[in-house]
$ cat target.cif   # mmCIF, C-alpha atoms
data_my_file
#
loop_
_atom_site.label_atom_id
_atom_site.label_comp_id
_atom_site.auth_asym_id
_atom_site.auth_seq_id
_atom_site.Cartn_x
_atom_site.Cartn_y
_atom_site.Cartn_z
CA MET A 65 78.12 97.13 73.85
CA LYS A 66 80.77 97.89 71.25
CA TYR A 67 82.32 95.06 69.23
CA ILE A 68 85.29 95.11 66.85
CA LEU A 69 84.56 92.45 64.23
CA ASN A 70 85.65 90.92 60.93
CA GLU A 71 89.25 92.06 61.16
CA THR A 72 91.39 91.77 58.03
CA PRO A 73 94.25 89.25 58.34
CA VAL A 74 96.52 91.73 56.53
CA ARG A 75 96.22 95.32 57.75
CA THR A 76 96.18 98.41 55.59
CA SER A 77 96.27 102.10 56.48
CA ASN A 78 93.83 103.08 59.22
CA ASN A 79 92.88 106.09 57.10
CA PHE A 80 90.83 103.82 54.85
CA LYS A 81 88.70 102.70 57.84
CA ILE A 82 88.26 99.24 56.35
CA ASN A 83 90.47 96.97 58.51
CA ASP A 84 87.62 96.01 60.80
CA LEU A 85 84.02 96.81 61.65
CA THR A 86 82.95 98.47 64.89
CA LEU A 87 79.33 97.88 65.88
CA ASP A 88 77.30 98.87 68.91
CA LEU A 89 75.03 95.88 69.55
CA ASP A 90 72.56 95.00 72.27
CA ILE A 91 72.43 91.19 72.02
CA LYS A 92 69.88 89.48 74.25
CA GLU A 93 70.20 85.70 74.22
CA LYS A 94 66.92 83.84 73.74
CA GLU A 95 65.69 80.37 72.97
CA LEU A 96 67.41 79.18 69.80
CA SER A 97 65.27 78.89 66.68
CA LYS A 98 65.11 75.52 64.97
CA LEU A 99 66.55 74.25 61.70
CA ASN A 100 64.74 71.97 59.27
CA VAL A 101 66.73 69.49 57.14
CA LYS A 102 65.50 67.58 54.10
CA GLY A 103 67.35 64.98 52.03
CA LEU A 104 69.81 63.58 54.59
CA GLU A 105 70.01 62.09 58.07
CA TYR A 106 71.83 64.34 60.54
CA SER A 107 72.72 64.78 64.19
CA GLU A 108 71.81 67.85 66.21
CA SER A 109 72.91 69.19 69.59
CA ILE A 110 73.08 72.34 71.70
CA LYS A 111 76.67 73.28 72.51
CA ASP A 112 78.55 75.91 74.50
CA ASN A 113 80.94 78.70 73.47
CA PHE A 114 80.25 79.76 69.89
CA ASN A 115 82.90 81.64 67.95
CA SER A 116 83.79 82.18 64.29
CA ARG A 117 86.27 84.20 62.25
CA ILE A 118 83.90 87.17 62.53
CA ASN A 119 84.81 86.96 66.25
CA LEU A 120 81.40 87.43 67.84
CA HIS A 121 81.01 85.10 70.83
CA HIS A 122 77.86 83.47 72.25
CA THR A 123 77.33 81.10 75.18
CA LYS A 124 74.97 78.63 73.41
CA TYR A 125 74.48 77.52 69.83
CA ARG A 126 72.66 74.91 67.79
CA CYS A 127 75.01 72.49 66.00
CA LEU A 128 74.14 70.33 63.00
CA ASP A 129 76.47 67.60 61.75
CA LEU A 130 75.84 66.29 58.23
CA ASP A 131 77.83 63.34 56.90
CA VAL A 132 77.32 63.26 53.12
CA SER A 133 78.32 59.72 52.14
CA LYS A 134 76.45 59.54 48.81
CA ASP A 135 75.26 61.87 46.06
CA SER A 136 72.60 64.05 47.69
CA ASP A 137 70.18 66.96 47.28
CA ILE A 138 69.91 68.66 50.66
CA GLU A 139 67.85 71.61 51.89
CA ILE A 140 68.27 73.35 55.27
CA THR A 141 65.87 76.12 56.30
CA SER A 142 64.94 78.28 59.27
CA ASP A 143 62.34 81.02 59.73
CA LEU A 144 63.81 82.32 63.02
CA GLU A 145 60.54 81.66 64.83
CA THR A 146 62.04 82.85 68.15
CA ASN A 147 63.79 85.80 66.41
CA TYR A 148 67.17 84.43 67.53
CA LEU A 149 69.46 81.78 66.07
CA ILE A 150 73.13 81.00 66.63
CA ASP A 151 74.06 77.93 64.60
CA GLN A 152 77.01 75.96 63.33
CA ILE A 153 76.52 73.59 60.41
CA ASN A 154 79.30 71.06 59.79
CA ILE A 155 79.13 69.44 56.34
CA ASN A 156 81.45 66.49 55.75
CA LEU A 157 81.58 65.64 52.04
CA ARG A 158 82.89 62.10 51.65
CA GLU A 159 85.26 61.05 48.86
CA ASN A 160 83.84 60.94 45.31
CA THR A 161 80.41 62.32 46.29
CA ASN A 162 78.47 64.88 44.23
CA SER A 163 75.98 67.01 46.16
CA SER A 164 73.68 70.00 45.86
CA ILE A 165 72.98 71.85 49.13
CA VAL A 166 70.68 74.84 49.69
CA ILE A 167 70.65 76.67 53.05
CA LYS A 168 67.94 79.31 53.43
CA TYR A 169 67.17 81.73 56.27
CA GLY A 170 64.01 83.86 56.48
CA GLY A 171 62.00 85.66 59.13
CA GLU A 172 63.10 88.45 61.42
CA GLY A 173 65.65 88.71 64.19
CA PHE A 174 69.30 88.11 65.05
CA HIS A 175 71.23 85.38 63.21
CA ASN A 176 74.84 84.22 63.45
CA LEU A 177 75.90 81.21 61.34
CA LYS A 178 79.21 79.37 61.08
CA LEU A 179 79.23 77.01 58.09
CA CYS A 180 82.13 74.53 58.01
CA ILE A 181 82.64 72.59 54.78
CA ASN A 182 85.06 69.65 54.90
CA ALA A 183 85.48 68.44 51.33
CA ASN A 184 87.28 65.08 51.17
CA LYS A 185 89.23 63.85 48.13
CA ASN A 186 87.52 64.16 44.74
CA SER A 187 84.23 65.43 46.17
CA THR A 188 82.04 67.84 44.22
CA ALA A 189 79.39 70.15 45.63
CA ASN A 190 77.28 73.16 44.72
CA ILE A 191 76.31 74.96 47.95
CA THR A 192 73.96 77.95 48.01
CA VAL A 193 73.29 80.06 51.11
CA LEU A 194 70.43 82.58 51.00
CA ASN A 195 70.00 85.36 53.54
CA LEU A 196 66.33 86.34 53.15
CA LEU A 197 65.80 87.88 56.59
CA SER A 198 63.54 90.90 56.99
CA LYS A 199 64.94 94.40 56.51
CA ASP A 200 65.29 95.08 60.27
CA SER A 201 67.26 91.91 61.02
CA ILE A 202 70.95 91.40 61.76
CA SER A 203 72.91 88.73 59.88
CA PHE A 204 76.40 87.31 60.53
CA ILE A 205 77.57 84.47 58.27
CA SER A 206 81.01 82.86 58.37
CA PHE A 207 82.27 80.16 55.96
CA GLU A 208 85.27 78.12 57.14
CA ASN A 209 86.35 75.45 54.66
CA SER A 210 88.92 72.74 54.14
CA ILE A 211 89.11 71.56 50.51
CA ASP A 212 91.02 68.28 50.03
CA GLU A 213 92.86 66.98 46.97
CA GLY A 214 90.94 66.79 43.70
CA SER A 215 87.74 68.40 45.04
CA ASN A 216 85.60 70.93 43.17
CA ILE A 217 83.42 73.10 45.42
CA ASP A 218 81.16 75.98 44.32
CA VAL A 219 79.77 78.16 47.11
CA ASN A 220 77.09 80.73 46.24
CA PHE A 221 76.08 83.35 48.79
CA ILE A 222 73.01 85.50 48.12
CA ASP A 223 73.08 88.20 50.81
CA LEU A 224 69.87 90.24 50.71
CA GLY A 225 68.20 90.54 54.12
CA GLY A 226 68.94 92.63 57.19
CA LYS A 227 70.01 96.13 58.12
CA ILE A 228 73.42 94.77 59.17
CA LYS A 229 75.04 92.10 56.96
CA VAL A 230 78.48 90.82 57.99
CA SER A 231 80.15 87.92 56.18
CA ASN A 232 83.48 86.11 56.29
CA TYR A 233 84.83 83.46 53.90
CA TYR A 234 87.95 81.40 54.63
CA SER A 235 89.06 78.46 52.52
CA VAL A 236 92.25 76.37 52.35
CA LEU A 237 92.87 74.51 49.07
CA GLU A 238 95.01 71.39 48.89
CA ASN A 239 96.59 69.92 45.71
CA ARG A 240 94.56 70.10 42.48
CA THR A 241 91.44 71.54 44.08
CA THR A 242 88.99 74.15 42.80
CA ASN A 243 86.94 76.45 45.00
CA THR A 244 84.70 79.15 43.57
CA PHE A 245 82.94 81.65 45.81
CA ASN A 246 80.15 83.70 44.22
CA ASN A 247 78.54 86.47 46.24
CA ILE A 248 75.59 88.69 45.34
CA TYR A 249 74.60 91.49 47.73
CA VAL A 250 72.07 94.31 47.85
CA GLY A 251 72.17 97.27 50.25
CA LYS A 252 69.20 99.58 50.83
CA GLU A 253 68.19 102.43 53.14
CA LYS A 254 70.96 102.69 55.79
CA ASP A 255 72.18 99.09 55.56
CA ILE A 256 75.70 98.24 56.74
CA LEU A 257 77.54 95.52 54.79
CA ASP A 258 80.99 94.21 55.68
CA MET A 259 82.65 91.40 53.69
CA ASN A 260 85.99 89.78 54.53
CA TYR A 261 87.04 86.96 52.17
CA TYR A 262 90.31 85.01 52.25
CA MET A 263 91.31 82.09 50.01
CA VAL A 264 94.56 80.23 50.64
CA ASN A 265 96.16 78.34 47.74
CA LYS A 266 98.14 75.80 49.75
CA GLY A 267 98.78 72.96 47.30
CA GLU A 268 99.93 72.65 43.71
CA LYS A 269 97.58 73.30 40.77
CA THR A 270 94.86 74.84 42.92
CA ASN A 271 92.23 77.15 41.45
CA SER A 272 90.57 79.76 43.67
CA SER A 273 87.98 82.28 42.51
CA ILE A 274 86.07 85.09 44.22
CA GLU A 275 83.30 86.67 42.11
CA ILE A 276 81.32 89.45 43.80
CA ALA A 277 78.45 91.48 42.33
CA GLY A 278 76.43 94.01 44.28
CA ALA A 279 74.14 97.01 44.20
CA LEU A 280 73.82 99.85 46.72
CA PHE A 281 70.76 102.06 47.06
CA ASP A 282 69.84 105.03 49.31
CA GLU A 283 72.41 105.56 52.12
CA SER A 284 73.76 102.01 52.34
CA ASN A 285 77.41 101.51 53.25
CA LYS A 286 79.60 98.59 52.13
CA ASN A 287 83.15 97.39 52.85
CA PHE A 288 84.68 94.61 50.76
CA LYS A 289 88.00 93.01 51.76
CA GLY A 290 89.27 90.13 49.62
CA ILE A 291 92.56 88.20 49.66
CA ILE A 292 93.94 85.53 47.34
CA ASP A 293 97.02 84.03 49.02
CA PHE A 294 99.61 81.87 47.24
CA ILE A 295 101.65 80.31 50.00
CA GLU A 296 104.89 78.38 49.58
CA GLY A 297 104.20 75.09 47.82
CA SER A 298 101.35 76.33 45.61
CA LYS A 299 103.14 75.95 42.28
CA ASN A 300 101.01 76.32 39.13
CA ALA A 301 98.11 77.68 41.19
CA VAL A 302 95.57 80.11 39.73
CA GLY A 303 93.69 82.76 41.69
CA TYR A 304 91.03 85.18 40.48
CA GLU A 305 89.18 87.93 42.34
CA ASN A 306 86.65 90.42 41.03
CA GLU A 307 84.08 92.74 42.59
CA ASN A 308 81.58 94.82 40.66
CA CYS A 309 79.40 97.29 42.57
CA ILE A 310 76.69 99.52 41.07
CA LEU A 311 75.75 102.69 42.94
CA PHE A 312 72.12 103.69 42.51
CA SER A 313 72.45 106.65 44.87
CA ASP A 314 74.88 109.52 45.38
CA LYS A 315 74.68 108.89 49.13
CA ALA A 316 75.68 105.23 49.01
CA ILE A 317 79.27 104.43 50.05
CA SER A 318 81.40 101.62 48.65
CA LYS A 319 84.91 100.74 49.84
CA SER A 320 86.92 97.87 48.35
CA LEU A 321 90.27 96.35 49.28
CA PRO A 322 91.32 93.48 46.97
CA MET A 323 94.73 91.92 47.63
CA LEU A 324 97.03 89.29 46.17
CA LEU A 325 99.72 87.74 48.39
CA CYS A 326 102.44 85.63 46.82
CA HIS A 327 105.13 83.43 48.39
CA GLU A 328 105.62 81.07 45.45
CA GLU A 329 106.81 81.16 41.83
CA ASP A 330 104.89 79.89 38.79
CA VAL A 331 101.47 81.10 39.90
CA SER A 332 98.87 83.25 38.18
CA GLY A 333 96.81 85.76 40.12
CA THR A 334 94.49 88.56 39.02
CA HIS A 335 92.20 90.94 40.86
CA SER A 336 89.92 93.78 39.85
CA VAL A 337 87.28 96.09 41.27
CA SER A 338 84.68 98.16 39.47
CA THR A 339 82.50 100.67 41.32
CA GLY A 340 80.33 103.29 39.69
CA LYS A 341 76.93 104.73 38.99
CA VAL A 342 74.42 102.98 36.79
CA ASP A 343 75.30 103.30 33.09
CA GLU A 344 73.19 106.21 31.84
CA ASP A 345 73.44 105.07 28.20
CA LYS A 346 72.00 101.67 29.09
CA LEU A 347 69.31 103.32 31.19
CA PHE A 348 68.37 105.72 28.38
CA TYR A 349 68.23 102.89 25.84
CA LEU A 350 65.90 100.77 27.96
CA LYS A 351 63.64 103.70 28.85
CA SER A 352 63.44 104.70 25.20
CA ARG A 353 61.95 101.26 24.56
CA GLY A 354 59.07 102.01 26.94
CA ILE A 355 60.56 100.40 30.08
CA ASP A 356 59.96 102.36 33.29
CA ASP A 357 62.88 103.63 35.37
CA SER A 358 62.74 101.08 38.21
CA THR A 359 62.40 98.10 35.83
CA ALA A 360 65.26 99.41 33.68
CA LYS A 361 67.54 99.66 36.74
CA GLU A 362 66.49 96.16 37.80
CA LEU A 363 67.42 94.76 34.38
CA ILE A 364 70.83 96.47 34.43
CA MET A 365 71.51 95.15 37.94
CA LEU A 366 70.52 91.58 37.07
CA GLY A 367 72.72 91.76 33.96
CA ASP A 368 75.64 92.66 36.23
CA PHE A 369 74.76 89.77 38.55
CA ASN A 370 74.61 87.27 35.69
CA LYS A 371 78.16 85.94 35.96
CA ALA A 372 77.65 84.99 39.61
CA LEU A 373 74.09 83.76 38.97
CA ASN A 374 75.29 81.31 36.32
CA LYS A 375 76.93 79.22 39.05
CA VAL A 376 73.67 78.78 40.98
CA ASN A 377 71.63 75.64 40.26
CA ASN A 378 68.24 77.32 40.80
CA LYS A 379 69.00 80.51 38.86
CA GLU A 380 65.44 81.50 37.91
CA GLU A 381 64.21 81.13 41.48
CA ILE A 382 67.10 83.28 42.76
CA ILE A 383 66.33 86.00 40.19
CA GLU A 384 62.73 86.19 41.41
CA ILE A 385 63.93 86.37 45.02
CA ILE A 386 66.28 89.28 44.16
CA LYS A 387 63.47 91.14 42.40
CA LYS A 388 61.20 90.78 45.43
CA SER A 389 63.96 92.08 47.72
CA LEU A 390 63.95 95.40 45.84
CA ILE A 391 60.27 96.12 46.55
#

$ encode --input "target.cif" --output "structure tokens"
Amino acid sequence: MKYILNETPVRTSNNFKINDLTLDLDIKEKELSKLNVKGLEYSESIKDNFNSRINLHHTKYRCLDLDVSKDSDIEITSDLETNYLIDQININLRENTNSSIVIKYGGEGFHNLKLCINANKNSTANITVLNLLSKDSISFISFENSIDEGSNIDVNFIDLGGKIKVSNYYSVLENRTTNTFNNIYVGKEKDILDMNYYMVNKGEKTNSSIEIAGALFDESNKNFKGIIDFIEGSKNAVGYENENCILFSDKAISKSLPMLLCHEEDVSGTHSVSTGKVDEDKLFYLKSRGIDDSTAKELIMLGDFNKALNKVNNKEEIIEIIKKSLI
């Protein structure tokens, strides 16, 4: 069955073929895989009628509700033991809490996640989501956030696993809030990647940031769509958006559509995109020091990823995970 997914909220010319993603999918609903939670009490239920901003519907899904009322270190994992998981995770960050949350998916199969972060006043959180599914898996991940006054939320998305990787990020920032979204992706073989990210600066003195770093190998194909939106009332807001993609193959395809929308005065917004082949001078320098070709490319890629990696609490662990994904 054909699906039209991940549609951009602001349309551009159809000639670019980036407004949405058309996929032919044969989705067979199965028993839902389980989620494991450490570090916090939670409630869990099976609910009907799943949907997210990616716009892929399912009849049943597993729902987790986490009420973070004190400073916490939380870990949520699933190995997709039934090869099928549709899940919604609702994280309510209470006022003045400071939390670290890691959400990790491994195994093989079909996965569709909707992660809803409700950050109450003056809450702080560092949230990392890792897609470590096997290379033949399919991954859909949607972030849908509400960031209340005075909050500071870092979201880190490490998107490595699967032959199809579709992601959506939507965040609304109230007065004096900061939301940083860091995304690292790797495409190999004939992987399809489609990213659609939208940050809304709603209140005064908000600070929104999208930092994307990726690498494409073989015949992988990637679309990136990013919007920073300054709506009326967002005076003295700051928005930043950057994507850097390294092409390690002449057959890899990278399309990028960064946008700034502005309906308010006294705001500052910047966006940039860099796409190109691996720097031959850097490669030559490293190889002249006795480093083999694959290790040299790995070092260059990780150097490019460093800005996004610096926001992750468990940086060294993530680096090792990225290295293993290239094997």

$ closest_residue --input "target.cif" --among "A:Ile228, A:Ile211, A:Leu311, A:Met365" --to "Ile248 of chain A" --atoms "only C-alpha atoms"
A:Met365

$ resolve_selection --input "target.cif" --expression "the PyMOL selection byres ((chain A and resi 204) around 10)" --output "PDB file with C-alpha atoms, in the coordinates of the input"
ATOM      1  CA  ASN A  70      85.650  90.920  60.930  1.00  0.00           C
ATOM      2  CA  SER A 116      83.790  82.180  64.290  1.00  0.00           C
ATOM      3  CA  ILE A 118      83.900  87.170  62.530  1.00  0.00           C
ATOM      4  CA  LEU A 120      81.400  87.430  67.840  1.00  0.00           C
ATOM      5  CA  ILE A 150      73.130  81.000  66.630  1.00  0.00           C
ATOM      6  CA  PHE A 174      69.300  88.110  65.050  1.00  0.00           C
ATOM      7  CA  HIS A 175      71.230  85.380  63.210  1.00  0.00           C
ATOM      8  CA  ASN A 176      74.840  84.220  63.450  1.00  0.00           C
ATOM      9  CA  LEU A 177      75.900  81.210  61.340  1.00  0.00           C
ATOM     10  CA  LYS A 178      79.210  79.370  61.080  1.00  0.00           C
ATOM     11  CA  ASN A 195      70.000  85.360  53.540  1.00  0.00           C
ATOM     12  CA  ILE A 202      70.950  91.400  61.760  1.00  0.00           C
ATOM     13  CA  SER A 203      72.910  88.730  59.880  1.00  0.00           C
ATOM     14  CA  ILE A 205      77.570  84.470  58.270  1.00  0.00           C
ATOM     15  CA  SER A 206      81.010  82.860  58.370  1.00  0.00           C
ATOM     16  CA  GLY A 226      68.940  92.630  57.190  1.00  0.00           C
ATOM     17  CA  ILE A 228      73.420  94.770  59.170  1.00  0.00           C
ATOM     18  CA  LYS A 229      75.040  92.100  56.960  1.00  0.00           C
ATOM     19  CA  VAL A 230      78.480  90.820  57.990  1.00  0.00           C
ATOM     20  CA  SER A 231      80.150  87.920  56.180  1.00  0.00           C
ATOM     21  CA  ASN A 232      83.480  86.110  56.290  1.00  0.00           C
ATOM     22  CA  ASP A 258      80.990  94.210  55.680  1.00  0.00           C
TER      23      ASP A 258
END

$ residues_near_point --input "target.cif" --point "(88.0, 87.6, 53.6)" --cutoff "6 Å" --atoms "all atoms listed in the file" --output "list in words"
Asn232, Tyr233, Asn260, Tyr261, Tyr262, Lys289 and Gly290 of chain A

$ atom_distance --input "target.cif" --atom1 "atom CA of Phe281 of chain A" --atom2 "atom CA of Ser313 of chain A"
5.4 Å

$ resolve_selection --input "target.cif" --expression "the PyMOL selection byres ((chain A and resi 221) around 9)" --output "MDAnalysis selection string"
chainID A and resid 191:195 219:220 222:223 245:249

$ residues_around --input "target.cif" --residues "Asn265 of chain A" --least-positions-apart "2" --cutoff "10 Å" --atoms "all atoms listed in the file" --output "number ranges by chain"
A: 235-243, 262-263, 267-272, 292-299, 301-303, 326, 331

$ residues_around --input "target.cif" --residues "Gly225 of chain A" --least-positions-apart "6" --cutoff "6 Å" --atoms "all atoms listed in the file" --output "mmCIF file with C-alpha atoms, in the frame of the given file"
data_model
loop_
_atom_site.group_PDB
_atom_site.id
_atom_site.type_symbol
_atom_site.label_atom_id
_atom_site.label_comp_id
_atom_site.auth_asym_id
_atom_site.auth_seq_id
_atom_site.Cartn_x
_atom_site.Cartn_y
_atom_site.Cartn_z
ATOM 1 C CA ASN A 195 70.000 85.360 53.540
ATOM 2 C CA LEU A 196 66.330 86.340 53.150
ATOM 3 C CA LEU A 197 65.800 87.880 56.590
ATOM 4 C CA SER A 198 63.540 90.900 56.990
ATOM 5 C CA LYS A 199 64.940 94.400 56.510
#

$ resolve_selection --input "target.cif" --expression "the PyMOL selection byres ((chain A and resi 337-339) around 10)" --output "list in words"
Ile276, Ala277, Gly278, Ala279, Phe288, Glu305, Asn306, Glu307, Asn308, Cys309, Ile310, Leu311, Ser318, Lys319, Ser320, Leu321, Pro322, His335, Ser336, Gly340, Lys341 and Val342 of chain A

$ residues_around --input "target.cif" --residues "Asp200 of chain A" --least-positions-apart "6" --cutoff "8 Å" --atoms "all atoms listed in the file" --output "VMD selection string"
chain A and resid 172 to 173 226 to 227

$ atom_distance --input "target.cif" --atom1 "atom CA of Ile317 of chain A" --atom2 "atom CA of Val264 of chain A"
28.6 Å

$ closest_residue --input "target.cif" --among "A:Ile382, A:Ala189, A:Cys180, A:Leu257" --to "Leu87 of chain A" --atoms "all atoms listed in the file"
A:Leu257

$ residues_around --input "target.cif" --residues "Val74 of chain A" --least-positions-apart "2" --cutoff "9 Å" --atoms "only C-alpha atoms" --output "JSON, numbers by chain"
{"A": [71, 72, 76, 83, 291]}

$ atom_distance --input "target.cif" --atom1 "atom CA of Ser164 of chain A" --atom2 "atom CA of Glu380 of chain A"
16.2 Å

$ build_atoms --input "target.cif" --residues "segment 367-384 of chain A" --atoms "N, CA and C atoms" --output "PDB file, keeping the file's coordinate frame"
ATOM      1  N   GLY A 367      71.700  92.028  34.984  1.00  0.00           N
ATOM      2  CA  GLY A 367      72.720  91.760  33.960  1.00  0.00           C
ATOM      3  C   GLY A 367      74.105  91.734  34.574  1.00  0.00           C
ATOM      4  N   ASP A 368      74.346  92.632  35.533  1.00  0.00           N
ATOM      5  CA  ASP A 368      75.640  92.660  36.230  1.00  0.00           C
ATOM      6  C   ASP A 368      75.813  91.433  37.111  1.00  0.00           C
ATOM      7  N   PHE A 369      74.711  90.934  37.662  1.00  0.00           N
ATOM      8  CA  PHE A 369      74.760  89.770  38.550  1.00  0.00           C
ATOM      9  C   PHE A 369      74.903  88.462  37.777  1.00  0.00           C
ATOM     10  N   ASN A 370      74.774  88.507  36.463  1.00  0.00           N
ATOM     11  CA  ASN A 370      74.610  87.270  35.690  1.00  0.00           C
ATOM     12  C   ASN A 370      75.779  86.306  35.831  1.00  0.00           C
ATOM     13  N   LYS A 371      77.004  86.819  35.883  1.00  0.00           N
ATOM     14  CA  LYS A 371      78.160  85.940  35.960  1.00  0.00           C
ATOM     15  C   LYS A 371      78.126  85.101  37.231  1.00  0.00           C
ATOM     16  N   ALA A 372      77.764  85.725  38.359  1.00  0.00           N
ATOM     17  CA  ALA A 372      77.650  84.990  39.610  1.00  0.00           C
ATOM     18  C   ALA A 372      76.427  84.082  39.601  1.00  0.00           C
ATOM     19  N   LEU A 373      75.326  84.553  39.010  1.00  0.00           N
ATOM     20  CA  LEU A 373      74.090  83.760  38.970  1.00  0.00           C
ATOM     21  C   LEU A 373      74.246  82.480  38.162  1.00  0.00           C
ATOM     22  N   ASN A 374      75.123  82.498  37.171  1.00  0.00           N
ATOM     23  CA  ASN A 374      75.290  81.310  36.320  1.00  0.00           C
ATOM     24  C   ASN A 374      75.822  80.104  37.078  1.00  0.00           C
ATOM     25  N   LYS A 375      76.407  80.324  38.256  1.00  0.00           N
ATOM     26  CA  LYS A 375      76.930  79.220  39.050  1.00  0.00           C
ATOM     27  C   LYS A 375      75.869  78.586  39.946  1.00  0.00           C
ATOM     28  N   VAL A 376      74.712  79.242  40.080  1.00  0.00           N
ATOM     29  CA  VAL A 376      73.670  78.780  40.980  1.00  0.00           C
ATOM     30  C   VAL A 376      72.762  77.788  40.248  1.00  0.00           C
ATOM     31  N   ASN A 377      72.469  76.661  40.896  1.00  0.00           N
ATOM     32  CA  ASN A 377      71.630  75.640  40.260  1.00  0.00           C
ATOM     33  C   ASN A 377      70.219  76.146  39.979  1.00  0.00           C
ATOM     34  N   ASN A 378      69.609  76.844  40.934  1.00  0.00           N
ATOM     35  CA  ASN A 378      68.240  77.320  40.800  1.00  0.00           C
ATOM     36  C   ASN A 378      68.213  78.803  40.420  1.00  0.00           C
ATOM     37  N   LYS A 379      68.797  79.123  39.280  1.00  0.00           N
ATOM     38  CA  LYS A 379      69.000  80.510  38.860  1.00  0.00           C
ATOM     39  C   LYS A 379      67.709  81.300  38.761  1.00  0.00           C
ATOM     40  N   GLU A 380      66.686  80.752  38.113  1.00  0.00           N
ATOM     41  CA  GLU A 380      65.440  81.500  37.910  1.00  0.00           C
ATOM     42  C   GLU A 380      64.765  81.827  39.233  1.00  0.00           C
ATOM     43  N   GLU A 381      64.795  80.888  40.161  1.00  0.00           N
ATOM     44  CA  GLU A 381      64.210  81.130  41.480  1.00  0.00           C
ATOM     45  C   GLU A 381      64.954  82.259  42.198  1.00  0.00           C
ATOM     46  N   ILE A 382      66.293  82.256  42.103  1.00  0.00           N
ATOM     47  CA  ILE A 382      67.100  83.280  42.760  1.00  0.00           C
ATOM     48  C   ILE A 382      66.810  84.656  42.161  1.00  0.00           C
ATOM     49  N   ILE A 383      66.648  84.729  40.852  1.00  0.00           N
ATOM     50  CA  ILE A 383      66.330  86.000  40.190  1.00  0.00           C
ATOM     51  C   ILE A 383      65.023  86.577  40.732  1.00  0.00           C
ATOM     52  N   GLU A 384      64.022  85.736  40.878  1.00  0.00           N
ATOM     53  CA  GLU A 384      62.730  86.190  41.410  1.00  0.00           C
ATOM     54  C   GLU A 384      62.870  86.661  42.854  1.00  0.00           C
TER      55      GLU A 384
END
